[in-house]
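Next up, final_28.txt (compact mmCIF, C-alpha atoms and all ligand atoms):
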```
# COMPACT_ATOMS: atom_id res chain seq x y z
CA MET F 1 10.31 -56.67 9.94
CA ALA F 2 12.63 -59.39 11.10
CA TYR F 3 15.90 -58.05 12.54
CA TYR F 4 19.09 -56.37 11.35
CA HIS F 5 21.01 -58.54 8.92
CA ARG F 6 24.03 -58.01 6.67
CA MET F 7 25.65 -60.04 3.95
CA GLY F 8 28.64 -59.71 1.63
CA ASP F 9 30.84 -56.64 1.36
CA ILE F 10 29.62 -53.22 2.41
CA PRO F 11 31.60 -50.04 3.19
CA PRO F 12 32.12 -49.19 6.87
CA LYS F 13 30.10 -45.99 6.49
CA ARG F 14 26.97 -45.56 4.38
CA HIS F 15 26.94 -43.18 1.41
CA THR F 16 30.73 -43.19 1.12
CA GLN F 17 33.08 -44.30 -1.66
CA PHE F 18 33.07 -48.07 -2.12
CA ARG F 19 35.11 -49.18 -5.10
CA GLN F 20 35.16 -52.25 -7.33
CA PRO F 21 38.48 -53.99 -8.18
CA ASP F 22 38.65 -51.92 -11.43
CA GLY F 23 38.44 -48.66 -9.45
CA SER F 24 34.86 -47.79 -10.40
CA LEU F 25 32.29 -47.19 -7.70
CA TYR F 26 29.75 -49.78 -6.62
CA LYS F 27 26.24 -48.42 -7.14
CA GLU F 28 24.49 -47.86 -3.84
CA GLU F 29 20.70 -48.33 -3.67
CA VAL F 30 18.62 -47.60 -0.57
CA VAL F 31 15.41 -49.67 -0.63
CA SER F 32 13.17 -47.94 1.87
CA SER F 33 9.58 -48.14 3.08
CA LYS F 34 7.12 -45.47 4.24
CA GLY F 35 9.24 -42.85 2.54
CA PHE F 36 12.31 -42.79 4.76
CA SER F 37 10.38 -43.55 7.98
CA GLY F 38 9.99 -47.35 7.72
CA ILE F 39 12.39 -50.27 7.55
CA TYR F 40 15.01 -50.22 4.80
CA SER F 41 18.08 -51.94 3.43
CA THR F 42 21.08 -50.58 1.54
CA LEU F 43 22.30 -52.59 -1.44
CA TYR F 44 25.57 -52.34 -3.40
CA HIS F 45 25.30 -53.16 -7.11
CA ILE F 46 28.03 -53.89 -9.62
CA HIS F 47 25.91 -52.23 -12.33
CA ASN F 48 23.60 -49.25 -12.28
CA PRO F 49 20.13 -50.60 -11.38
CA ASN F 50 18.49 -48.04 -13.70
CA GLN F 51 20.09 -49.32 -16.93
CA VAL F 52 16.95 -50.46 -18.74
CA LYS F 53 17.55 -51.83 -22.26
CA SER F 54 13.96 -52.17 -23.40
CA ILE F 55 10.42 -52.18 -22.11
CA GLY F 56 7.82 -54.57 -23.52
CA LYS F 57 4.09 -54.15 -23.79
CA PRO F 58 2.34 -54.32 -20.39
CA GLU F 59 -0.17 -57.13 -19.93
CA PRO F 60 -3.21 -57.18 -17.64
CA TYR F 61 -2.57 -59.19 -14.48
CA SER F 62 -5.52 -58.85 -12.15
CA TRP F 63 -8.59 -60.72 -10.90
CA LYS F 64 -12.29 -59.95 -10.92
CA PRO F 65 -14.66 -60.49 -7.99
CA ALA F 66 -17.53 -62.89 -8.67
CA THR F 67 -20.20 -60.54 -7.32
CA GLU F 68 -23.01 -62.98 -8.14
CA HIS F 69 -21.69 -65.40 -5.49
CA GLY F 70 -23.27 -63.23 -2.79
CA LEU F 71 -23.41 -64.01 0.93
CA ASN F 72 -22.57 -67.69 1.24
CA GLN F 73 -20.51 -69.83 3.55
CA THR F 74 -18.06 -71.07 0.95
CA HIS F 75 -15.98 -74.17 0.43
CA LEU F 76 -13.54 -74.17 -2.47
CA LYS F 77 -12.44 -77.68 -3.40
CA THR F 78 -9.08 -77.13 -5.04
CA SER F 79 -7.43 -80.34 -3.92
CA GLY F 80 -7.99 -82.16 -7.22
CA VAL F 81 -6.09 -79.59 -9.27
CA GLU F 82 -2.62 -80.77 -10.24
CA PHE F 83 -1.55 -77.76 -12.30
CA THR F 84 -2.99 -74.27 -12.35
CA GLY F 85 -0.85 -73.00 -15.23
CA GLU F 86 2.48 -73.05 -17.02
CA ASP F 87 4.78 -70.94 -14.92
CA TYR F 88 5.01 -69.11 -11.60
CA LEU F 89 3.06 -66.09 -12.80
CA SER F 90 0.59 -67.61 -15.26
CA ALA F 91 -0.21 -70.34 -12.71
CA ARG F 92 -1.33 -67.89 -10.04
CA ARG F 93 -5.05 -68.27 -9.43
CA ASN F 94 -6.25 -65.72 -6.93
CA LEU F 95 -9.44 -67.07 -5.40
CA MET F 96 -10.46 -64.39 -2.90
CA MET F 97 -9.86 -60.69 -2.72
CA ASN F 98 -10.70 -57.36 -1.16
CA SER F 99 -8.95 -54.01 -1.42
CA ASP F 100 -6.27 -55.08 1.14
CA VAL F 101 -5.37 -58.63 0.19
CA MET F 102 -5.66 -61.41 -2.39
CA MET F 103 -5.26 -65.12 -1.69
CA GLY F 104 -4.94 -68.00 -4.09
CA ILE F 105 -3.02 -71.02 -5.24
CA CYS F 106 -0.18 -71.58 -7.66
CA ALA F 107 0.77 -75.00 -8.99
CA PRO F 108 2.99 -74.35 -12.02
CA ARG F 109 4.03 -76.99 -14.52
CA GLN F 110 7.46 -75.36 -14.96
CA ARG F 111 9.59 -75.68 -11.85
CA LYS F 112 12.29 -73.17 -12.73
CA MET F 113 11.59 -69.54 -13.59
CA ASP F 114 13.55 -68.26 -16.61
CA TYR F 115 12.80 -64.64 -15.69
CA TYR F 116 12.79 -62.55 -12.52
CA PHE F 117 9.70 -61.25 -10.81
CA LYS F 118 9.19 -58.07 -8.85
CA ASN F 119 5.87 -57.36 -7.19
CA ALA F 120 5.62 -53.60 -6.86
CA ASP F 121 1.95 -53.72 -5.81
CA GLY F 122 2.33 -55.50 -2.51
CA ASP F 123 4.19 -57.72 -0.10
CA GLU F 124 3.85 -61.43 -0.76
CA LEU F 125 3.47 -64.33 1.61
CA ILE F 126 4.07 -67.66 -0.10
CA TYR F 127 3.19 -70.77 1.90
CA ILE F 128 4.92 -73.82 0.48
CA HIS F 129 2.21 -76.45 0.79
CA ASP F 130 4.20 -78.88 -1.34
CA GLY F 131 7.61 -78.40 -2.85
CA GLU F 132 11.29 -77.89 -2.16
CA GLY F 133 13.58 -75.42 -3.83
CA VAL F 134 15.67 -72.30 -3.76
CA MET F 135 14.66 -68.67 -3.93
CA TYR F 136 17.31 -66.49 -5.56
CA SER F 137 16.91 -62.80 -4.85
CA GLN F 138 19.00 -59.65 -4.65
CA PHE F 139 19.40 -60.46 -0.96
CA GLY F 140 20.92 -63.88 -1.62
CA LYS F 141 20.00 -67.52 -1.71
CA LEU F 142 17.25 -68.92 0.49
CA GLU F 143 16.42 -72.62 0.56
CA VAL F 144 12.70 -73.16 0.88
CA HIS F 145 10.91 -76.24 2.14
CA LYS F 146 7.45 -77.68 2.52
CA GLY F 147 5.71 -75.85 5.36
CA ASP F 148 7.65 -72.61 4.94
CA TYR F 149 6.05 -69.20 4.91
CA ILE F 150 8.18 -66.97 2.68
CA VAL F 151 7.71 -63.26 3.37
CA ILE F 152 8.75 -61.24 0.33
CA PRO F 153 8.74 -57.46 0.75
CA ARG F 154 7.45 -55.59 -2.29
CA THR F 155 9.99 -54.76 -5.00
CA THR F 156 12.26 -57.67 -4.06
CA ILE F 157 13.53 -59.06 -7.37
CA TYR F 158 13.54 -62.85 -7.27
CA ARG F 159 13.09 -66.14 -8.99
CA PHE F 160 12.33 -69.62 -7.69
CA GLU F 161 13.92 -72.87 -8.74
CA PHE F 162 11.83 -75.73 -7.40
CA GLU F 163 12.95 -79.33 -7.52
CA GLU F 164 11.56 -81.33 -10.42
CA GLU F 165 10.58 -84.28 -8.24
CA GLY F 166 7.43 -84.38 -6.12
CA PRO F 167 4.33 -82.21 -6.03
CA LEU F 168 4.51 -78.43 -6.10
CA ARG F 169 1.71 -76.34 -4.65
CA LEU F 170 1.91 -72.84 -3.24
CA LEU F 171 -0.56 -70.74 -1.32
CA VAL F 172 -0.03 -67.14 -2.44
CA ILE F 173 -1.10 -64.07 -0.48
CA GLU F 174 -0.55 -60.57 -1.80
CA SER F 175 -0.94 -57.70 0.65
CA VAL F 176 -1.31 -53.97 0.04
CA GLY F 177 0.23 -53.30 3.48
CA ALA F 178 3.54 -54.65 4.78
CA ILE F 179 3.46 -58.22 6.14
CA GLU F 180 5.04 -58.14 9.59
CA THR F 181 5.63 -60.24 12.68
CA VAL F 182 2.97 -59.62 15.30
CA LYS F 183 3.38 -56.37 17.22
CA ARG F 184 2.22 -57.74 20.58
CA TYR F 185 4.90 -60.46 20.32
CA ARG F 186 7.64 -57.80 20.24
CA ASN F 187 9.21 -55.53 22.82
CA GLU F 188 9.81 -51.81 22.30
CA VAL F 189 12.93 -52.41 20.21
CA GLY F 190 11.36 -55.14 18.09
CA GLN F 191 12.74 -58.29 19.74
CA LEU F 192 10.35 -61.21 19.87
CA LEU F 193 9.24 -61.78 23.47
CA GLU F 194 9.17 -64.96 25.53
CA HIS F 195 5.42 -65.45 24.95
CA SER F 196 5.80 -65.30 21.15
CA PRO F 197 5.12 -68.66 19.45
CA TYR F 198 8.32 -68.22 17.44
CA CYS F 199 11.52 -66.24 17.85
CA GLU F 200 14.39 -64.87 15.79
CA ARG F 201 16.09 -68.30 15.71
CA ASP F 202 13.12 -69.57 13.67
CA ILE F 203 13.35 -66.76 11.10
CA ARG F 204 15.63 -67.71 8.20
CA PRO F 205 17.04 -64.86 6.13
CA PRO F 206 18.92 -65.51 2.86
CA HIS F 207 22.08 -67.38 3.78
CA ASP F 208 24.48 -66.89 0.85
CA LEU F 209 24.86 -64.07 -1.59
CA HIS F 210 24.18 -65.13 -5.16
CA ILE F 211 26.04 -62.79 -7.52
CA GLU F 212 25.34 -63.02 -11.25
CA ASP F 213 27.84 -60.88 -13.13
CA LYS F 214 27.52 -62.10 -16.73
CA LYS F 215 26.24 -59.66 -19.35
CA GLY F 216 23.23 -60.81 -21.32
CA GLU F 217 19.50 -60.32 -21.63
CA TYR F 218 17.69 -60.35 -18.29
CA LEU F 219 13.93 -60.04 -18.09
CA VAL F 220 12.28 -58.69 -14.95
CA GLN F 221 8.49 -58.92 -14.95
CA ILE F 222 7.15 -56.20 -12.69
CA LYS F 223 3.62 -56.26 -11.30
CA LYS F 224 2.35 -52.73 -10.82
CA GLN F 225 -1.24 -51.47 -10.75
CA GLY F 226 -2.64 -54.83 -11.81
CA MET F 227 -0.43 -55.06 -14.92
CA LEU F 228 2.71 -57.05 -15.71
CA HIS F 229 5.43 -54.85 -17.14
CA GLN F 230 8.29 -56.40 -19.09
CA TYR F 231 11.65 -54.81 -18.30
CA SER F 232 14.86 -56.01 -19.99
CA TYR F 233 18.30 -55.27 -18.63
CA GLY F 234 21.77 -55.96 -20.04
CA HIS F 235 22.94 -57.35 -16.70
CA SER F 236 21.40 -59.50 -14.02
CA PRO F 237 19.47 -57.71 -11.27
CA LEU F 238 21.23 -60.12 -8.91
CA ASP F 239 24.49 -58.16 -9.06
CA ILE F 240 24.61 -57.26 -5.36
CA VAL F 241 27.99 -57.67 -3.61
CA GLY F 242 26.62 -56.77 -0.19
CA TRP F 243 23.70 -55.32 1.69
CA ASP F 244 22.51 -54.58 5.18
CA GLY F 245 19.30 -53.54 6.88
CA PHE F 246 15.96 -54.74 8.12
CA LEU F 247 14.14 -55.17 4.80
CA TYR F 248 14.68 -58.56 3.12
CA PRO F 249 12.80 -61.76 2.33
CA TYR F 250 12.81 -64.50 4.93
CA ALA F 251 11.31 -67.88 5.72
CA LEU F 252 9.48 -69.10 8.81
CA SER F 253 8.40 -72.73 8.89
CA ILE F 254 4.96 -73.64 10.17
CA TYR F 255 6.78 -76.58 11.81
CA ASP F 256 8.65 -74.07 14.00
CA PHE F 257 5.44 -72.41 15.24
CA GLU F 258 4.98 -73.43 18.89
CA PRO F 259 1.29 -73.70 19.76
CA ILE F 260 -0.21 -72.08 22.84
CA THR F 261 -2.78 -74.26 24.59
CA GLY F 262 -5.04 -73.92 27.64
CA ARG F 263 -7.49 -75.64 29.94
CA ILE F 264 -10.39 -74.41 27.81
CA HIS F 265 -10.66 -73.50 24.12
CA GLN F 266 -8.13 -70.86 23.10
CA PRO F 267 -9.27 -68.25 20.57
CA PRO F 268 -7.63 -67.84 17.13
CA PRO F 269 -5.37 -64.92 18.19
CA VAL F 270 -3.13 -67.46 20.00
CA HIS F 271 -2.38 -68.87 16.54
CA GLN F 272 -1.49 -65.51 15.01
CA THR F 273 1.68 -65.61 12.95
CA PHE F 274 1.73 -62.38 10.92
CA GLN F 275 -0.05 -59.06 10.82
CA ALA F 276 -0.70 -56.70 7.92
CA TRP F 277 -2.94 -53.80 7.07
CA GLY F 278 -6.52 -55.14 7.16
CA PHE F 279 -5.83 -58.79 7.99
CA VAL F 280 -3.99 -61.34 10.11
CA ILE F 281 -2.47 -64.73 9.30
CA CYS F 282 -2.72 -67.57 11.83
CA SER F 283 -1.22 -71.06 11.87
CA PHE F 284 -3.07 -74.07 13.25
CA VAL F 285 -0.53 -76.74 14.12
CA PRO F 286 -0.52 -80.09 15.95
CA ARG F 287 -1.16 -79.45 19.62
CA LEU F 288 -2.60 -80.90 22.79
CA PHE F 289 -6.28 -80.21 23.27
CA ASP F 290 -7.82 -78.32 26.18
CA TYR F 291 -7.35 -80.09 29.51
CA HIS F 292 -10.18 -78.81 31.74
CA PRO F 293 -12.07 -81.98 32.83
CA LEU F 294 -15.25 -80.71 31.11
CA SER F 295 -13.58 -78.98 28.16
CA ILE F 296 -14.95 -79.12 24.62
CA PRO F 297 -12.03 -79.05 22.19
CA ALA F 298 -14.18 -78.27 19.12
CA PRO F 299 -14.73 -74.55 18.61
CA TYR F 300 -18.06 -72.91 19.48
CA ASN F 301 -20.43 -71.31 17.01
CA HIS F 302 -19.07 -67.94 16.13
CA SER F 303 -20.41 -64.72 14.62
CA ASN F 304 -17.62 -62.49 13.42
CA ILE F 305 -19.43 -59.19 13.12
CA ASP F 306 -16.65 -57.32 11.37
CA SER F 307 -14.37 -59.81 9.67
CA ASP F 308 -14.30 -62.66 7.18
CA GLU F 309 -12.39 -65.85 7.97
CA VAL F 310 -10.57 -68.10 5.53
CA LEU F 311 -9.02 -71.42 6.41
CA TYR F 312 -6.70 -73.30 4.08
CA TYR F 313 -6.47 -76.93 5.14
CA ALA F 314 -2.88 -78.04 4.74
CA GLU F 315 -2.43 -81.38 6.53
CA GLY F 316 -4.07 -83.79 8.93
CA GLU F 317 -7.58 -84.41 10.12
CA PHE F 318 -9.56 -81.23 10.75
CA MET F 319 -11.79 -82.18 13.65
CA SER F 320 -14.56 -79.58 13.35
CA ARG F 321 -15.23 -80.02 9.60
CA LYS F 322 -16.68 -82.73 7.41
CA GLY F 323 -16.09 -83.07 3.67
CA ILE F 324 -12.94 -80.97 3.76
CA ASP F 325 -9.88 -82.19 1.89
CA ARG F 326 -6.24 -81.31 2.01
CA GLY F 327 -6.08 -78.18 -0.14
CA SER F 328 -9.64 -77.03 0.60
CA PHE F 329 -10.46 -73.42 1.44
CA THR F 330 -13.40 -72.40 3.59
CA LEU F 331 -14.57 -68.81 3.68
CA HIS F 332 -16.87 -67.96 6.59
CA MET F 333 -18.27 -64.53 6.01
CA GLY F 334 -19.22 -61.94 8.56
CA GLY F 335 -23.01 -61.65 8.62
CA LEU F 336 -23.56 -65.37 9.16
CA PRO F 337 -22.61 -67.52 12.15
CA HIS F 338 -20.36 -70.50 11.55
CA GLY F 339 -19.34 -73.41 13.70
CA PRO F 340 -18.44 -77.06 13.91
CA HIS F 341 -20.28 -79.52 11.72
CA PRO F 342 -23.02 -81.68 13.32
CA GLY F 343 -21.60 -84.48 15.44
CA THR F 344 -18.09 -83.04 15.65
CA VAL F 345 -18.62 -81.29 19.02
CA GLU F 346 -19.58 -84.48 20.88
CA LYS F 347 -16.91 -86.39 19.01
CA SER F 348 -14.22 -83.93 20.12
CA ILE F 349 -14.91 -84.43 23.86
CA GLY F 350 -12.14 -86.44 25.42
CA ALA F 351 -9.83 -86.10 22.40
CA LYS F 352 -6.28 -85.41 23.56
CA ALA F 353 -4.57 -83.87 20.55
CA THR F 354 -4.87 -82.83 16.92
CA ASP F 355 -2.48 -83.41 14.03
CA GLU F 356 -3.93 -80.62 11.85
CA TYR F 357 -2.06 -77.95 9.92
CA ALA F 358 -4.03 -75.03 8.53
CA VAL F 359 -3.33 -71.48 7.48
CA MET F 360 -5.94 -68.89 8.40
CA LEU F 361 -6.51 -65.48 6.83
CA ASP F 362 -8.87 -63.20 8.76
CA THR F 363 -9.73 -59.95 7.03
CA PHE F 364 -11.43 -56.89 8.42
CA LYS F 365 -12.99 -55.89 5.11
CA SER F 366 -15.28 -58.39 3.42
CA LEU F 367 -13.77 -60.78 0.92
CA GLN F 368 -15.22 -61.78 -2.40
CA ILE F 369 -14.35 -64.89 -4.28
CA THR F 370 -12.99 -64.25 -7.77
CA THR F 371 -14.31 -65.51 -11.07
CA ASP F 372 -11.31 -67.90 -11.03
CA ALA F 373 -12.77 -69.50 -7.89
CA LEU F 374 -16.24 -70.27 -9.26
CA GLU F 375 -15.26 -73.65 -10.71
CA PHE F 376 -14.12 -74.83 -7.25
CA VAL F 377 -17.28 -73.87 -5.31
CA ASP F 378 -18.86 -76.74 -3.34
CA GLU F 379 -22.55 -75.96 -3.86
CA ASN F 380 -23.65 -78.10 -0.89
CA TYR F 381 -21.48 -76.39 1.70
CA PRO F 382 -23.92 -73.60 2.79
CA MET F 383 -26.41 -76.31 3.85
CA SER F 384 -23.85 -78.71 5.31
CA TRP F 385 -24.77 -77.91 8.94
CA THR F 386 -28.32 -79.19 8.41
CA GLU F 387 -28.56 -82.83 9.43
FE FE B 1 -14.55 -68.10 13.52
```
The structure given in the file should be rewritten as structure tokens.
Amino acid sequence: MAYYHRMGDIPPKRHTQFRQPDGSLYKEEVVSSKGFSGIYSTLYHIHNPNQVKSIGKPEPYSWKPATEHGLNQTHLKTSGVEFTGEDYLSARRNLMMNSDVMMGICAPRQRKMDYYFKNADGDELIYIHDGEGVMYSQFGKLEVHKGDYIVIPRTTIYRFEFEEEGPLRLLVIESVGAIETVKRYRNEVGQLLEHSPYCERDIRPPHDLHIEDKKGEYLVQIKKQGMLHQYSYGHSPLDIVGWDGFLYPYALSIYDFEPITGRIHQPPPVHQTFQAWGFVICSFVPRLFDYHPLSIPAPYNHSNIDSDEVLYYAEGEFMSRKGIDRGSFTLHMGGLPHGPHPGTVEKSIGAKATDEYAVMLDTFKSLQITTDALEFVDENYPMSWTE
């Protein structure tokens, strides 16, 4: 949930007559969550959103856990990969999964999608590690930049057009539960509080409506139950003249996340950025280190007895790790302690600041790497604490 937003033309009262210039009615669609008890938006279409022309053959679109990987502190070296596939969907490589969430990378060769995508299985969080572009959705146009988190509620119909120049690399998270701002950052009516590391001014909803009203053949690929379903319509799904509500895609830049620091080491919850069913997302950003005269900026050894921790290293020097590149993932599993690499604790003493950027996924259920991840496994990582 972000906040109430409205765009374009909507009637003054919901569920009342709202007519097009030719006298016909606009087609109202309420997009609601948790039945009618969660957040929702009301959209006004030029065409009936149910007018399906044809349905193609569904294709499998799911990932398998690599069960043979077992209990291992894991480093996935994905930094050397330039492309992970042809287009936005075929390039998705989910690398870790449990029954609540999947996380992976996407570095497509094609920058512009010539179809629309709708994920009906879960909310998506796309972190733009590299790339610039525009997301066109039913809710309007949203410019996206390097460092943006894009929260896309399930069933949003969208396509990306990324710029042809420069690298393109996305971190993709798919969540069974809704991806939300953090509850303890909000007051009783949902406003972000003074202690929140970001506020409503940092949340960027779509800024211009993008209405496509030409007839033609429009393909919407719908992910549902681990399959891709091919739906063709005779009009664009982006035929919305107005909408209002609380449910819409938005961007929040990691560069707008204001770090919370202290005299001694602050725990990961100070970096929390989003919450969802079964996991949290945190952002590690450049910040001043702890300022107690005897402080140790490097983290302590840690046993997470009921969660698994993933870090995706986005930018900068990560002070507690050796052998980690930009684009690396580490997965530290519950059941084993983890901590800074040898030498990094002493080295951190007296350091004043860090320039790191990292995205953390902490899950409450155990994660498994997928068979897609096996080729990236750094076999030496489990022993890398032994000098
Ligand atoms: Fe930890």
Pick from F:His302, F:Lys57, F:Arg201, F:Arg321, whichever lies nearest to ligand FE 1 (chain B) using all atoms listed in the file: F:His302
Spatial neighbours of Asp123 of chain F, max dist 10 Å, all atoms listed in the file, sep filter under 6 positions, as a list of chain:residue names: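 The residues that qualify are F:Val101, F:Val151, F:Ile152, F:Pro153, F:Arg154, F:Thr155, F:Thr156, F:Ile173, F:Glu174, F:Ser175, F:Val176, F:Gly177, F:Ala178, F:Ile179, F:Glu180, F:Pro249, F:Ala276.
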Quick one: residues within 12 Å of Gly327 of chain F, all atoms listed in the file, excluding same-chain residues fewer than 5 positions away - as a ChimeraX atom specification? /F:75-82,104-107,128-130,169-171,311-316,318,357-359,376
Per residue of segment 205-279 of chain F within 9 Å of segment 2-19 of chain F, what are the shortest atom pair and its distance in Å to one decimal, counting all atoms listed in the file, with rows by chain and residue number, as JSON lines?
```
{"residue": "F:Pro205", "atom": "CA", "partner": "F:His5", "partner_atom": "CA", "distance": 8.0}
{"residue": "F:Pro206", "atom": "CA", "partner": "F:Met7", "partner_atom": "CA", "distance": 8.7}
{"residue": "F:His207", "atom": "CA", "partner": "F:Met7", "partner_atom": "CA", "distance": 8.2}
{"residue": "F:Asp208", "atom": "CA", "partner": "F:Met7", "partner_atom": "CA", "distance": 7.6}
{"residue": "F:Leu209", "atom": "CA", "partner": "F:Gly8", "partner_atom": "CA", "distance": 6.6}
{"residue": "F:Ile240", "atom": "CA", "partner": "F:Gly8", "partner_atom": "CA", "distance": 8.4}
{"residue": "F:Val241", "atom": "CA", "partner": "F:Gly8", "partner_atom": "CA", "distance": 5.7}
{"residue": "F:Gly242", "atom": "CA", "partner": "F:Gly8", "partner_atom": "CA", "distance": 4.0}
{"residue": "F:Trp243", "atom": "CA", "partner": "F:Met7", "partner_atom": "CA", "distance": 5.6}
{"residue": "F:Asp244", "atom": "CA", "partner": "F:Arg6", "partner_atom": "CA", "distance": 4.0}
{"residue": "F:Gly245", "atom": "CA", "partner": "F:Tyr4", "partner_atom": "CA", "distance": 5.3}
{"residue": "F:Phe246", "atom": "CA", "partner": "F:Tyr4", "partner_atom": "CA", "distance": 4.8}
{"residue": "F:Leu247", "atom": "CA", "partner": "F:Ala2", "partner_atom": "CA", "distance": 7.7}
{"residue": "F:Tyr248", "atom": "CA", "partner": "F:Ala2", "partner_atom": "CA", "distance": 8.3}
{"residue": "F:Tyr250", "atom": "CA", "partner": "F:Ala2", "partner_atom": "CA", "distance": 8.0}
```
Within 12 Å of ligand FE 1 (chain B) (all atoms listed in the file), residues as a PyMOL selection string: chain F and resi 73+266-269+282+298-311+320+330-340+360-363
Gap from atom CA of Glu346 of chain F to atom CA of Pro286 of chain F - Å, one decimal: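 It comes out at 20.2 Å.
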Nearest-residue call for Gly85 of chain F, choices F:Tyr381, F:Asp239, F:Gln230, F:Gln110, using all atoms listed in the file: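 So, comparing all the options, the nearest one is F:Gln110.
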In Å, how far is it from atom CA of Asp290 of chain F to atom CA of Met383 of chain F?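 For atom CA of Asp290 of chain F relative to atom CA of Met383 of chain F, the distance reads 29.1 Å.
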Would you list the contacts of Lys64 of chain F as JSON, numbers by chain, taking every protein, DNA or RNA residue within 10 Å and counting only C-alpha atoms, but skipping same-chain residues closer than 2 positions in sequence? {"F": [62, 66, 67, 94, 95, 96, 97, 368, 369, 370, 371, 372]}
Exercise: Arg186 of chain F partners within 12 Å, all atoms listed in the file, chain neighbours under 2 positions left out, as a PyMOL selection string: chain F and resi 1-3+180-184+188-200+274
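Between atom CA of Val172 of chain F and atom CA of Ser384 of chain F lies a distance of 27.6 Å.
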Using 5 Å of padding on each side, determine the axis-aligned box around all atoms of segment 4-20 of chain F present in the file and give its centre and edge lengths in Å to one decimal, as AutoDock Vina command-line options.
```
--center_x 27.1 --center_y -51.6 --center_z 2.0 --size_x 26.1 --size_y 26.9 --size_z 28.7
```
Just want the 10 Å neighbourhood of Ser295 of chain F, counted on only C-alpha atoms, with same-chain residues fewer than 3 positions away dropped. Output as a list of chain:residue names. F:Gly262, F:Arg263, F:Ile264, F:His265, F:Phe289, F:Asp290, F:Tyr291, F:His292, F:Ala298, F:Ser348, F:Ile349, F:Gly350, F:Ala351
Considering all atoms listed in the file, state which residue in the set F:Ala251, F:Val285, F:Leu71, F:Val377 is at the smallest distance from Ile126 of chain F.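 For Ile126 of chain F, the nearest of the candidates is F:Ala251.
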Could you list as a PyMOL selection string every residue that has an atom within 8 Å of (0.2, -55.1, -9.4), using the file's coordinates and counting only C-alpha atoms? chain F and resi 61-62+119-122+222-228
